[in-house]
Every structure is written in structure tokens, then in C-alpha cells.
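Trainee: Structure file data.csv (CSV, C-alpha atoms) is given on the next line.
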chain,number,residue,atom,x,y,z
A,1,MET,CA,-18.9,8.8,11.4
A,2,THR,CA,-20.5,5.8,13.3
A,3,PHE,CA,-19.2,2.4,12.3
A,4,THR,CA,-21.0,-0.9,13.1
A,5,ARG,CA,-21.0,-4.5,12.1
A,6,ASP,CA,-23.4,-3.6,9.3
A,7,HIS,CA,-20.6,-1.5,7.9
A,8,LEU,CA,-18.2,-4.4,8.1
A,9,GLN,CA,-20.7,-6.5,6.1
A,10,ARG,CA,-20.7,-3.7,3.5
A,11,LEU,CA,-16.9,-3.8,3.3
A,12,ALA,CA,-17.0,-7.6,2.8
A,13,GLN,CA,-18.8,-7.0,-0.6
A,14,GLY,CA,-15.9,-5.0,-2.0
A,15,ARG,CA,-14.0,-6.8,-4.9
A,16,ILE,CA,-10.5,-5.5,-5.3
A,17,LEU,CA,-7.5,-6.2,-7.6
A,18,VAL,CA,-4.2,-5.0,-6.4
A,19,VAL,CA,-1.7,-4.4,-9.2
A,20,GLY,CA,2.0,-3.5,-8.5
A,21,ASP,CA,5.4,-4.4,-7.2
A,22,VAL,CA,5.1,-7.6,-5.1
A,23,MET,CA,7.8,-8.6,-2.6
A,24,LEU,CA,8.5,-11.2,0.1
A,25,ASP,CA,9.4,-9.7,3.5
A,26,HIS,CA,11.7,-11.8,5.7
A,27,PHE,CA,12.2,-10.9,9.4
A,28,ILE,CA,15.0,-12.5,11.4
A,29,TRP,CA,14.7,-11.8,15.1
A,30,GLY,CA,17.4,-12.4,17.7
A,31,HIS,CA,19.6,-11.3,20.6
A,32,VAL,CA,22.9,-9.5,20.5
A,33,ARG,CA,25.3,-10.3,23.3
A,34,ARG,CA,28.7,-9.8,21.8
A,35,ILE,CA,30.7,-8.4,18.9
A,36,SER,CA,32.2,-10.7,16.3
A,37,PRO,CA,36.0,-11.3,16.6
A,38,GLU,CA,36.1,-11.4,12.8
A,39,ALA,CA,34.9,-7.8,12.2
A,40,PRO,CA,33.4,-5.0,14.3
A,41,VAL,CA,29.8,-6.2,13.8
A,42,PRO,CA,27.3,-7.6,16.3
A,43,ILE,CA,26.6,-11.3,16.4
A,44,VAL,CA,22.9,-12.0,16.3
A,45,GLU,CA,21.7,-15.2,18.0
A,46,VAL,CA,18.5,-16.0,16.0
A,47,THR,CA,15.4,-16.7,18.0
A,48,LYS,CA,12.8,-16.8,15.3
A,49,GLU,CA,12.2,-16.1,11.6
A,50,GLU,CA,9.0,-14.8,9.9
A,51,PHE,CA,7.9,-14.3,6.3
A,52,TYR,CA,5.2,-11.9,5.1
A,53,PRO,CA,3.8,-10.7,1.8
A,54,GLY,CA,5.4,-7.4,1.1
A,55,GLY,CA,4.9,-4.4,-1.2
A,56,ALA,CA,1.7,-4.7,-3.2
A,57,ALA,CA,1.2,-8.1,-1.7
A,58,ASN,CA,1.0,-6.5,1.7
A,59,VAL,CA,-1.8,-4.2,0.4
A,60,ALA,CA,-3.8,-7.2,-0.6
A,61,ARG,CA,-3.1,-8.9,2.7
A,62,ASN,CA,-4.6,-5.8,4.4
A,63,ILE,CA,-7.8,-6.2,2.4
A,64,SER,CA,-8.4,-9.9,2.7
A,65,PRO,CA,-9.4,-10.0,6.4
A,66,PHE,CA,-12.3,-7.8,5.4
A,67,SER,CA,-13.3,-9.1,2.0
A,68,PRO,CA,-13.0,-12.6,0.5
A,69,HIS,CA,-12.8,-11.0,-3.0
A,70,THR,CA,-9.1,-10.0,-3.0
A,71,HIS,CA,-6.8,-10.5,-6.0
A,72,LEU,CA,-3.1,-9.7,-6.6
A,73,MET,CA,-1.3,-9.0,-9.9
A,74,GLY,CA,2.4,-8.4,-10.1
A,75,ARG,CA,5.7,-10.1,-11.2
A,76,VAL,CA,7.5,-12.9,-9.4
A,77,GLY,CA,10.4,-15.2,-10.5
A,78,LYS,CA,10.7,-18.9,-10.8
A,79,ASP,CA,12.2,-19.4,-7.3
A,80,MET,CA,11.6,-20.5,-3.8
A,81,ALA,CA,10.7,-17.0,-2.7
A,82,ALA,CA,7.8,-17.0,-5.2
A,83,ASP,CA,6.6,-20.4,-3.9
A,84,LYS,CA,6.7,-19.0,-0.3
A,85,LEU,CA,4.9,-15.9,-1.3
A,86,ARG,CA,2.1,-17.8,-3.0
A,87,ALA,CA,1.7,-20.1,0.0
A,88,LEU,CA,1.4,-17.0,2.3
A,89,LEU,CA,-1.1,-15.4,0.0
A,90,ILE,CA,-3.3,-18.5,-0.1
A,91,GLU,CA,-3.1,-18.7,3.7
A,92,ASP,CA,-4.2,-15.1,3.8
A,93,GLN,CA,-7.0,-15.8,1.4
A,94,VAL,CA,-5.6,-13.6,-1.4
A,95,ASP,CA,-6.0,-14.9,-4.9
A,96,PRO,CA,-2.4,-15.2,-6.4
A,97,ASN,CA,-3.5,-16.5,-9.8
A,98,PRO,CA,-3.1,-13.2,-11.6
A,99,LEU,CA,0.6,-13.1,-10.8
A,100,LEU,CA,3.0,-13.1,-13.8
A,101,VAL,CA,6.1,-15.3,-13.7
A,102,HIS,CA,9.3,-14.0,-15.1
A,103,GLU,CA,11.8,-16.5,-16.4
A,104,THR,CA,15.0,-14.8,-15.3
A,105,LEU,CA,14.2,-12.1,-12.7
A,106,PRO,CA,14.2,-13.0,-9.0
A,107,THR,CA,11.2,-12.5,-6.8
A,108,ILE,CA,11.9,-9.2,-4.9
A,109,SER,CA,12.7,-10.0,-1.3
A,110,LYS,CA,13.9,-8.0,1.7
A,111,ALA,CA,15.4,-9.7,4.7
A,112,ARG,CA,15.6,-7.6,7.9
A,113,VAL,CA,17.7,-8.6,10.9
A,114,VAL,CA,16.2,-7.2,14.1
A,115,ALA,CA,17.5,-7.3,17.7
A,116,ARG,CA,16.1,-5.4,20.6
A,117,GLN,CA,13.5,-4.0,18.3
A,118,GLN,CA,16.2,-2.3,16.3
A,119,GLN,CA,16.9,-3.2,12.6
A,120,ILE,CA,20.6,-4.1,12.3
A,121,VAL,CA,20.8,-4.7,8.6
A,122,ARG,CA,18.6,-5.3,5.6
A,123,VAL,CA,19.4,-7.6,2.7
A,124,ASP,CA,17.6,-7.0,-0.6
A,125,ARG,CA,17.4,-9.4,-3.5
A,126,GLU,CA,16.1,-7.6,-6.6
A,127,LYS,CA,16.8,-6.8,-10.2
A,128,LEU,CA,14.9,-3.9,-11.6
A,129,LEU,CA,13.6,-4.2,-15.2
A,130,PRO,CA,10.7,-2.2,-16.8
A,131,GLN,CA,7.7,-4.2,-17.8
A,132,SER,CA,8.0,-5.6,-21.4
A,133,ASP,CA,5.3,-5.4,-24.1
A,134,ALA,CA,4.8,-9.1,-23.8
A,135,GLU,CA,4.1,-8.8,-20.1
A,136,LEU,CA,1.8,-5.9,-20.8
A,137,ALA,CA,-0.2,-8.1,-23.2
A,138,GLU,CA,-0.4,-10.8,-20.6
A,139,VAL,CA,-1.6,-8.2,-18.0
A,140,GLU,CA,-4.3,-7.0,-20.4
A,141,GLN,CA,-5.5,-10.6,-21.0
A,142,ARG,CA,-5.8,-11.3,-17.3
A,143,LEU,CA,-7.2,-7.9,-16.4
A,144,ARG,CA,-10.0,-8.2,-19.0
A,145,GLN,CA,-10.8,-11.7,-17.6
A,146,LEU,CA,-11.1,-10.3,-14.0
A,147,ALA,CA,-12.6,-6.9,-14.7
A,148,PRO,CA,-16.3,-8.1,-14.7
A,149,GLU,CA,-15.8,-9.5,-11.2
A,150,LEU,CA,-14.2,-6.3,-9.7
A,151,ASP,CA,-15.3,-3.0,-8.1
A,152,ALA,CA,-11.9,-1.3,-7.8
A,153,ILE,CA,-8.2,-1.6,-8.7
A,154,ILE,CA,-5.3,-0.4,-6.7
A,155,LEU,CA,-2.1,0.6,-8.4
A,156,GLU,CA,0.7,0.1,-5.8
A,157,ASP,CA,3.9,1.5,-7.1
A,158,TYR,CA,7.2,0.9,-5.3
A,159,GLY,CA,9.3,2.0,-8.3
A,160,LYS,CA,10.5,-1.6,-9.1
A,161,GLY,CA,9.4,-1.6,-12.8
A,162,PHE,CA,6.0,-3.2,-12.9
A,163,ILE,CA,4.0,0.0,-12.9
A,164,THR,CA,4.6,1.9,-16.2
A,165,GLU,CA,2.8,4.6,-18.0
A,166,LYS,CA,1.5,2.0,-20.5
A,167,LEU,CA,0.2,-0.2,-17.7
A,168,MET,CA,-1.5,2.8,-16.1
A,169,GLN,CA,-3.2,3.8,-19.3
A,170,LEU,CA,-4.3,0.2,-19.9
A,171,VAL,CA,-5.8,-0.1,-16.3
A,172,SER,CA,-7.5,3.3,-16.8
A,173,LYS,CA,-9.0,2.2,-20.1
A,174,VAL,CA,-10.3,-1.2,-18.8
A,175,ALA,CA,-11.6,0.5,-15.6
A,176,ALA,CA,-13.5,3.1,-17.6
A,177,GLU,CA,-15.1,0.3,-19.7
A,178,HIS,CA,-16.3,-1.5,-16.6
A,179,LYS,CA,-16.9,1.6,-14.4
A,180,LEU,CA,-14.3,0.6,-11.8
A,181,ILE,CA,-12.7,2.8,-9.2
A,182,VAL,CA,-8.9,3.2,-9.6
A,183,THR,CA,-6.7,4.4,-6.7
A,184,VAL,CA,-2.9,4.9,-6.8
A,185,ASP,CA,-0.2,4.7,-4.1
A,186,PRO,CA,2.6,6.5,-6.1
A,187,SER,CA,6.4,6.2,-5.9
A,188,PRO,CA,8.5,9.3,-6.1
A,189,ARG,CA,11.1,7.3,-8.1
A,190,ASN,CA,8.5,6.7,-10.9
A,191,PRO,CA,6.7,10.0,-11.6
A,192,LEU,CA,3.7,9.2,-13.9
A,193,PRO,CA,0.8,11.3,-15.3
A,194,TRP,CA,-2.1,9.9,-13.3
A,195,ALA,CA,-4.9,11.3,-15.4
A,196,GLY,CA,-7.7,8.8,-15.7
A,197,VAL,CA,-7.5,7.4,-12.1
A,198,SER,CA,-10.0,8.1,-9.3
A,199,LEU,CA,-7.7,9.1,-6.5
A,200,VAL,CA,-3.9,9.4,-5.7
A,201,LYS,CA,-2.6,8.8,-2.2
A,202,PRO,CA,0.9,10.2,-1.6
A,203,ASN,CA,2.4,10.7,1.8
A,204,ARG,CA,3.6,14.2,2.8
A,205,LEU,CA,7.1,13.8,1.5
A,206,GLU,CA,5.9,12.4,-1.8
A,207,ALA,CA,3.2,15.1,-2.2
A,208,PHE,CA,5.6,18.0,-1.7
A,209,ALA,CA,8.2,16.4,-4.1
A,210,ALA,CA,5.6,15.7,-6.8
A,211,ALA,CA,4.3,19.3,-6.5
A,212,GLY,CA,7.9,20.7,-6.8
A,213,LEU,CA,7.6,22.6,-3.5
A,214,GLU,CA,9.7,22.6,-0.3
A,215,ASP,CA,8.1,21.7,3.0
A,216,HIS,CA,9.2,24.1,5.7
A,217,LEU,CA,7.2,22.1,8.3
A,218,LEU,CA,5.2,25.2,9.3
A,219,PRO,CA,3.7,25.0,12.8
A,220,GLU,CA,0.2,25.8,11.6
A,221,ALA,CA,-2.6,23.2,11.7
A,222,PRO,CA,-3.0,21.4,8.3
A,223,LEU,CA,-6.1,23.5,7.3
A,224,GLU,CA,-4.1,26.7,8.0
A,225,ASN,CA,-0.8,25.5,6.4
A,226,SER,CA,-0.5,27.6,3.2
A,227,GLU,CA,2.2,25.3,1.8
A,228,LEU,CA,0.2,22.1,2.3
A,229,LEU,CA,-2.9,23.8,0.8
A,230,GLU,CA,-0.9,24.8,-2.2
A,231,VAL,CA,0.4,21.3,-2.6
A,232,GLY,CA,-3.1,20.0,-2.8
A,233,ARG,CA,-4.1,22.6,-5.4
A,234,VAL,CA,-1.0,21.9,-7.5
A,235,LEU,CA,-1.4,18.1,-7.5
A,236,LEU,CA,-5.1,18.2,-8.4
A,237,SER,CA,-4.2,20.2,-11.5
A,238,LYS,CA,-0.9,18.4,-12.3
A,239,TRP,CA,-2.3,14.9,-12.1
A,240,ASN,CA,-5.7,15.9,-13.4
A,241,VAL,CA,-7.5,13.7,-10.9
A,242,ALA,CA,-10.7,14.3,-9.0
A,243,SER,CA,-9.2,13.6,-5.5
A,244,VAL,CA,-5.8,13.6,-3.7
A,245,LEU,CA,-5.4,12.2,-0.2
A,246,VAL,CA,-2.2,13.2,1.5
A,247,THR,CA,-1.2,11.1,4.6
A,248,LEU,CA,0.5,13.3,7.2
A,249,GLY,CA,1.8,10.9,9.8
A,250,GLU,CA,1.0,12.2,13.3
A,251,GLN,CA,-1.2,14.9,11.8
A,252,GLY,CA,-3.6,12.4,10.1
A,253,MET,CA,-4.7,12.9,6.5
A,254,MET,CA,-5.8,15.8,4.2
A,255,LEU,CA,-8.3,15.2,1.5
A,256,PHE,CA,-8.3,17.5,-1.5
A,257,GLU,CA,-11.2,17.3,-4.0
A,258,ARG,CA,-12.0,19.4,-7.1
A,259,ASP,CA,-14.4,22.3,-6.3
A,260,GLN,CA,-14.5,21.3,-2.6
A,261,ALA,CA,-12.9,22.8,0.5
A,262,PRO,CA,-10.0,20.7,1.8
A,263,HIS,CA,-11.0,18.2,4.5
A,264,HIS,CA,-8.6,17.4,7.4
A,265,ILE,CA,-8.9,14.0,9.3
A,266,PRO,CA,-6.9,14.0,12.6
A,267,THR,CA,-4.8,10.9,13.4
A,268,ARG,CA,-6.4,8.1,15.4
A,269,ALA,CA,-3.1,6.5,16.5
A,270,ARG,CA,-2.7,6.2,20.2
A,271,GLU,CA,0.9,5.0,20.2
A,272,VAL,CA,3.3,4.7,17.3
A,273,PHE,CA,5.8,1.8,17.3
A,274,ASP,CA,6.4,1.2,13.6
A,275,VAL,CA,5.1,3.2,10.6
A,276,SER,CA,6.2,0.6,8.1
A,277,GLY,CA,3.2,-0.7,6.1
A,278,ALA,CA,0.9,2.1,7.4
A,279,GLY,CA,0.6,3.5,3.8
A,280,ASP,CA,-0.3,0.0,2.6
A,281,THR,CA,-3.1,-0.2,5.1
A,282,ALA,CA,-4.3,3.3,4.3
A,283,ILE,CA,-4.7,2.7,0.5
A,284,ALA,CA,-6.2,-0.8,1.1
A,285,LEU,CA,-9.0,0.2,3.5
A,286,LEU,CA,-9.7,3.5,1.6
A,287,THR,CA,-10.2,1.6,-1.7
A,288,LEU,CA,-12.2,-1.2,-0.1
A,289,ALA,CA,-14.5,1.4,1.5
A,290,LEU,CA,-15.0,3.2,-1.8
A,291,ALA,CA,-15.7,-0.1,-3.6
A,292,ALA,CA,-18.3,-0.9,-0.9
A,293,GLY,CA,-20.1,2.4,-1.6
A,294,PHE,CA,-18.9,4.6,1.2
A,295,SER,CA,-18.5,8.3,0.5
A,296,LEU,CA,-15.0,9.6,0.0
A,297,GLU,CA,-14.9,11.3,3.4
A,298,ASP,CA,-16.2,8.3,5.2
A,299,ALA,CA,-13.7,6.0,3.3
A,300,ALA,CA,-10.9,8.3,4.4
A,301,GLU,CA,-12.1,8.2,8.0
A,302,ILE,CA,-12.1,4.3,7.9
A,303,SER,CA,-8.6,4.4,6.3
A,304,ASN,CA,-7.4,6.7,9.0
A,305,HIS,CA,-8.7,4.6,11.8
A,306,ALA,CA,-7.1,1.5,10.2
A,307,SER,CA,-3.7,3.2,9.8
A,308,GLY,CA,-3.9,4.3,13.5
A,309,ILE,CA,-4.1,0.7,14.5
A,310,VAL,CA,-1.2,-0.7,12.5
A,311,VAL,CA,1.3,1.9,13.5
A,312,GLY,CA,0.9,0.6,17.1
A,313,LYS,CA,2.2,-2.8,16.0
A,314,LEU,CA,5.7,-3.9,15.1
A,315,GLY,CA,6.7,-5.2,11.7
A,316,THR,CA,4.5,-5.4,8.5
A,317,ALA,CA,1.3,-5.5,10.4
A,318,THR,CA,-2.4,-5.8,9.5
A,319,LEU,CA,-5.6,-5.4,11.4
A,320,THR,CA,-8.8,-7.4,12.0
A,321,PRO,CA,-12.4,-6.3,11.5
A,322,ASP,CA,-12.9,-6.5,15.2
A,323,GLU,CA,-10.0,-4.1,15.8
A,324,LEU,CA,-11.4,-1.6,13.3
A,325,LEU,CA,-14.8,-1.8,15.0
A,326,ALA,CA,-13.2,-1.3,18.4
A,327,ALA,CA,-11.2,1.7,17.2
A,328,PHE,CA,-14.5,3.5,16.2
A,329,ASN,CA,-16.2,2.6,19.4
Before we go any further, please render this structure as C-alpha cells.
Mentor:
Amino acid sequence: MTFTRDHLQRLAQGRILVVGDVMLDHFIWGHVRRISPEAPVPIVEVTKEEFYPGGAANVARNISPFSPHTHLMGRVGKDMAADKLRALLIEDQVDPNPLLVHETLPTISKARVVARQQQIVRVDREKLLPQSDAELAEVEQRLRQLAPELDAIILEDYGKGFITEKLMQLVSKVAAEHKLIVTVDPSPRNPLPWAGVSLVKPNRLEAFAAAGLEDHLLPEAPLENSELLEVGRVLLSKWNVASVLVTLGEQGMMLFERDQAPHHIPTRAREVFDVSGAGDTAIALLTLALAAGFSLEDAAEISNHASGIVVGKLGTATLTPDELLAAFN
């Protein structure tokens, strides 16, 4: 497809709510020159620290450079991490008002210590608890308030407890009432029946696991890979959805639709430095393009170009409209 500034202006009209497990990413960068005398571990001399919205918040952060109509719903605690996350979201022009505050659970945070572009250790702060009925009622109230101002909803599941079957059913019901697109980035730790959503976007590992099939990494091209084609057929039936988009890393993406031949989109990545966050970018730009009225194949092409850009960056990266435009040209 061709992609111009007119297309960017179309994307800017998309109104998206991201619903899911929100986190705060903390990166500690430094140098390693010696081993600690206290234990056989490296001593990291810190040179800089950076904080980013993580999890579902990173999905919203990927949308906001393209559209000023980006909202985020998830669960945070009453702590400094939540304050930091809200400040970052406001800075990124993401609306944090739909966030729910839990009285006792901490805001999920992940601190990564990195030296010489290698991650040395990761420190997680989280306590997993399924969403309560009281929280679900609060979600419904906020969702119904926002729904008239939306075009699409993304369910971003990291298996941390916020996305449940009841929530999925609620989102599907409200979306149907307001004719909203619903896309899903699933978690293998939280298998749910996704009937009622518009599209599910697993990666290759998640797709094979959900289909109950083993991936023998056949050397054939994706459109000739019998195992991959069977995965698409099984998932369309199992999840009872109209579309499944499987991200394939260096092989790009494969789009499966009911009553349509599978469609392969080759990768646009030139160099791969870091794949973390690439799935977030993929679901973000795919859904935004669908909300802006692009066809499913064109939306997948836009998503593929966007993912190809962020894997060439280190850390939880995003991209700009100009970078996306340049990638097409």
C-alpha cells in the first residue's frame, strides 16, 4: 500500500481505549568494571535511570503520538509508582483517568539493570489478584461513560489478573451496543474464550500453544507451512472470531480471516536490536488503523511497518508519525 500524510491524518481521528495490565518499567543503565568482594556478582556503576509506561500502558503510549484520543484503563496501587506512571502518561498525552486504584495491591513495576546492552537482573514488584466484582462494576461504569467517545477497544492481557472472562464479556457487550472494534493481545497464562471480539493477535509461540499444536519450525515459507496454516484454521474455530493475526518475528505476520485465503505480510525490519515491546506496537497501530477506517490488510501492513521500526531500537521503544511515513517511502 502507499502511505502519505493524508493517511496519518486519518490515523489521528482514531479514538482508542486500552484495557489491561498496566505496569511501570524502570531501566537502570551502567558500567561493569569489577566483581563484588561480597559475592560473585558484578558491580554496576549507574550512569542513568529511565522510567516508561509498561504493559498495557506501553500500548497506549504507542498510540498517542498518532492520535490525541488515547485512554488507558487498568489497575494501579496507592503508591509512588502509580504517581510516576500517571505523570508519564500525561506527558505522553494518554488519558489516565479511567485507571482504577486498588487500596492494597502495589502498582506492578519491573526494574531492569542493564550494562553493555545486556540485562543483568530484573526486579519485579507485583502481587497477582483476579479482578473483583466491585472492580468490574467500576469498570462498567467508566466504560459506559467513555464508550460514546470511542472507535475501538484493545484488551491487553499480560496474565496479571485484570483481564478476566467477565471483563471480556462486559467489553464485548458494551462494544456491540456502540459498534466498537475490539482487538485482543492474549496471554498464554490466561486462556479465555474470545468469542465476541473482532480480532486476536497472538505471537507464534502463543498461537501454537493456544491451538494445542507443536511447532516444528518447518523451513517452508509461511504460506506453505502446513502447521502454521492449521494453527490459523484451529484458532478461528476455537476462538470463534472473524480474524486472527499471528506475528512471526523475522517472518513478518500472517493474517487469517473466515472464508478468506491466508495473507502473509513479510517483515519490514532492517535490523533487530530488541524485540521487547514489538507486540505492543503491533496491536496499537493495527487497532488504530482499523478504528480510522483502514481495511484489515492495510491495517496489518501499517502495523508490520511500525513493528519493524521499534525492533531496531533498544528498550521499550515507540515510533513517531514521521518514522512510519519514512518506512513506507
Trainee: Calculated over all atoms listed in the file, which of the candidates A:Ile181, A:Thr320, A:Leu192, A:Gln141 has the smallest distance to Lys166 of chain A?
Mentor: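 When distances to Lys166 of chain A are compared using all atoms listed in the file, the smallest one comes from A:Leu192.
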Trainee: Could you check which of A:Ala82, A:Leu290, A:Val123, A:Leu217 is closest to Ala152 of chain A, using all atoms listed in the file?
Mentor: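 The closest residue to Ala152 of chain A is A:Leu290.
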Trainee: So which residues touch Gln9 of chain A within 10 Å, counting only C-alpha atoms, skipping near sequence neighbours fewer than 2 positions away, as a tab-separated table (two decimals) with C-alpha atoms, in the coordinates of the input?
Mentor:
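Contents of out-v8.tsv, as written:
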chain	number	residue	atom	x	y	z
A	4	THR	CA	-21.00	-0.90	13.10
A	5	ARG	CA	-21.00	-4.50	12.10
A	6	ASP	CA	-23.40	-3.60	9.30
A	7	HIS	CA	-20.60	-1.50	7.90
A	11	LEU	CA	-16.90	-3.80	3.30
A	12	ALA	CA	-17.00	-7.60	2.80
A	13	GLN	CA	-18.80	-7.00	-0.60
A	14	GLY	CA	-15.90	-5.00	-2.00
A	66	PHE	CA	-12.30	-7.80	5.40
A	67	SER	CA	-13.30	-9.10	2.00
A	292	ALA	CA	-18.30	-0.90	-0.90
A	321	PRO	CA	-12.40	-6.30	11.50
Trainee: Pick the closest to Lys110 of chain A from A:His305, A:Lys238, A:His26, A:Arg61: which is it, counting all atoms listed in the file?
Mentor: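 Result for the nearest residue to Lys110 of chain A: A:His26.
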Trainee: I'd like the contact shell of His264 of chain A - 9 Å cut-off, all atoms listed in the file, skipping same-chain residues fewer than 4 positions apart - returned as a count of residues only.
Mentor: 8
Trainee: To one decimal in Å, tell me the separation between atom CA of Leu100 of chain A and atom CA of Arg86 of chain A.
Mentor: 11.8 Å
Trainee: If I take atom CA of Thr47 of chain A and atom CA of Met80 of chain A, how far is one from the other in Å, to one decimal?
Mentor: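 Result for atom CA of Thr47 of chain A versus atom CA of Met80 of chain A: 22.5 Å, one decimal.
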Trainee: For Ala327 of chain A, please output as a ChimeraX atom specification all residues within 12 Å (counting only C-alpha atoms; exclusion window: fewer than 4 positions along the same chain).
Mentor: /A:1-4,267-270,301-310,319-323
Trainee: Could you save those same residues with C-alpha atoms as a short mmCIF file (atom, residue, chain, number, x, y, z; two decimals), in the coordinates of the input?
Mentor:
data_model
loop_
_atom_site.label_atom_id
_atom_site.label_comp_id
_atom_site.auth_asym_id
_atom_site.auth_seq_id
_atom_site.Cartn_x
_atom_site.Cartn_y
_atom_site.Cartn_z
CA MET A 1 -18.90 8.80 11.40
CA THR A 2 -20.50 5.80 13.30
CA PHE A 3 -19.20 2.40 12.30
CA THR A 4 -21.00 -0.90 13.10
CA THR A 267 -4.80 10.90 13.40
CA ARG A 268 -6.40 8.10 15.40
CA ALA A 269 -3.10 6.50 16.50
CA ARG A 270 -2.70 6.20 20.20
CA GLU A 301 -12.10 8.20 8.00
CA ILE A 302 -12.10 4.30 7.90
CA SER A 303 -8.60 4.40 6.30
CA ASN A 304 -7.40 6.70 9.00
CA HIS A 305 -8.70 4.60 11.80
CA ALA A 306 -7.10 1.50 10.20
CA SER A 307 -3.70 3.20 9.80
CA GLY A 308 -3.90 4.30 13.50
CA ILE A 309 -4.10 0.70 14.50
CA VAL A 310 -1.20 -0.70 12.50
CA LEU A 319 -5.60 -5.40 11.40
CA THR A 320 -8.80 -7.40 12.00
CA PRO A 321 -12.40 -6.30 11.50
CA ASP A 322 -12.90 -6.50 15.20
CA GLU A 323 -10.00 -4.10 15.80
#
Trainee: Contacts of Arg122 of chain A at 9 Å or less, counting all atoms listed in the file, minus same-chain residues fewer than 3 places along, as an MDAnalysis selection string?
Mentor: chainID A and resid 110:113 119
Trainee: Give me the residues within 9 Å of Val76 of chain A as a PyMOL selection string, counting all atoms listed in the file and dropping any in the same chain fewer than 4 places off.
Mentor: chain A and resi 22-23+81-82+99-103+105-108
Trainee: So how many Å separate atom CA of Glu91 of chain A and atom CA of Val19 of chain A, to one decimal?
Mentor: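 Atom CA of Val19 of chain A lies at a distance of 19.3 Å from atom CA of Glu91 of chain A.
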Trainee: Have a look at A:Glu38, A:Glu126, A:Glu50, A:Glu214 and name the one nearest to Gly77 of chain A; count all atoms listed in the file.
Mentor: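 Of A:Glu38, A:Glu126, A:Glu50, A:Glu214, the one nearest Gly77 of chain A is A:Glu126, counting all atoms listed in the file.
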Trainee: Return the single residue from A:Phe328, A:Pro98, A:Lys127, A:Arg116 that is closest to Glu140 of chain A, with distances computed using only C-alpha atoms.
Mentor: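 Nearest candidate to Glu140 of chain A out of A:Phe328, A:Pro98, A:Lys127, A:Arg116: A:Pro98.
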Trainee: Identify the residues around (-3.1, 21.1, -5.3) within a radius of 12 Å, measuring from all atoms listed in the file in the coordinates stated by the file, and give them as an mmCIF file with C-alpha atoms, keeping the file's coordinate frame.
Mentor:
data_model
loop_
_atom_site.group_PDB
_atom_site.id
_atom_site.type_symbol
_atom_site.label_atom_id
_atom_site.label_comp_id
_atom_site.auth_asym_id
_atom_site.auth_seq_id
_atom_site.Cartn_x
_atom_site.Cartn_y
_atom_site.Cartn_z
ATOM 1 C CA VAL A 200 -3.900 9.400 -5.700
ATOM 2 C CA ALA A 207 3.200 15.100 -2.200
ATOM 3 C CA PHE A 208 5.600 18.000 -1.700
ATOM 4 C CA ALA A 210 5.600 15.700 -6.800
ATOM 5 C CA ALA A 211 4.300 19.300 -6.500
ATOM 6 C CA GLY A 212 7.900 20.700 -6.800
ATOM 7 C CA LEU A 213 7.600 22.600 -3.500
ATOM 8 C CA SER A 226 -0.500 27.600 3.200
ATOM 9 C CA GLU A 227 2.200 25.300 1.800
ATOM 10 C CA LEU A 228 0.200 22.100 2.300
ATOM 11 C CA LEU A 229 -2.900 23.800 0.800
ATOM 12 C CA GLU A 230 -0.900 24.800 -2.200
ATOM 13 C CA VAL A 231 0.400 21.300 -2.600
ATOM 14 C CA GLY A 232 -3.100 20.000 -2.800
ATOM 15 C CA ARG A 233 -4.100 22.600 -5.400
ATOM 16 C CA VAL A 234 -1.000 21.900 -7.500
ATOM 17 C CA LEU A 235 -1.400 18.100 -7.500
ATOM 18 C CA LEU A 236 -5.100 18.200 -8.400
ATOM 19 C CA SER A 237 -4.200 20.200 -11.500
ATOM 20 C CA LYS A 238 -0.900 18.400 -12.300
ATOM 21 C CA TRP A 239 -2.300 14.900 -12.100
ATOM 22 C CA ASN A 240 -5.700 15.900 -13.400
ATOM 23 C CA VAL A 241 -7.500 13.700 -10.900
ATOM 24 C CA ALA A 242 -10.700 14.300 -9.000
ATOM 25 C CA SER A 243 -9.200 13.600 -5.500
ATOM 26 C CA VAL A 244 -5.800 13.600 -3.700
ATOM 27 C CA LEU A 245 -5.400 12.200 -0.200
ATOM 28 C CA VAL A 246 -2.200 13.200 1.500
ATOM 29 C CA MET A 254 -5.800 15.800 4.200
ATOM 30 C CA LEU A 255 -8.300 15.200 1.500
ATOM 31 C CA PHE A 256 -8.300 17.500 -1.500
ATOM 32 C CA GLU A 257 -11.200 17.300 -4.000
ATOM 33 C CA ARG A 258 -12.000 19.400 -7.100
ATOM 34 C CA ASP A 259 -14.400 22.300 -6.300
ATOM 35 C CA GLN A 260 -14.500 21.300 -2.600
ATOM 36 C CA ALA A 261 -12.900 22.800 0.500
ATOM 37 C CA PRO A 262 -10.000 20.700 1.800
#
Trainee: Would you mind telling me which residue in A:Ala278, A:Ala87, A:Leu128, A:Ala57 lies nearest to Ala317 of chain A when using all atoms listed in the file?
Mentor: A:Ala278
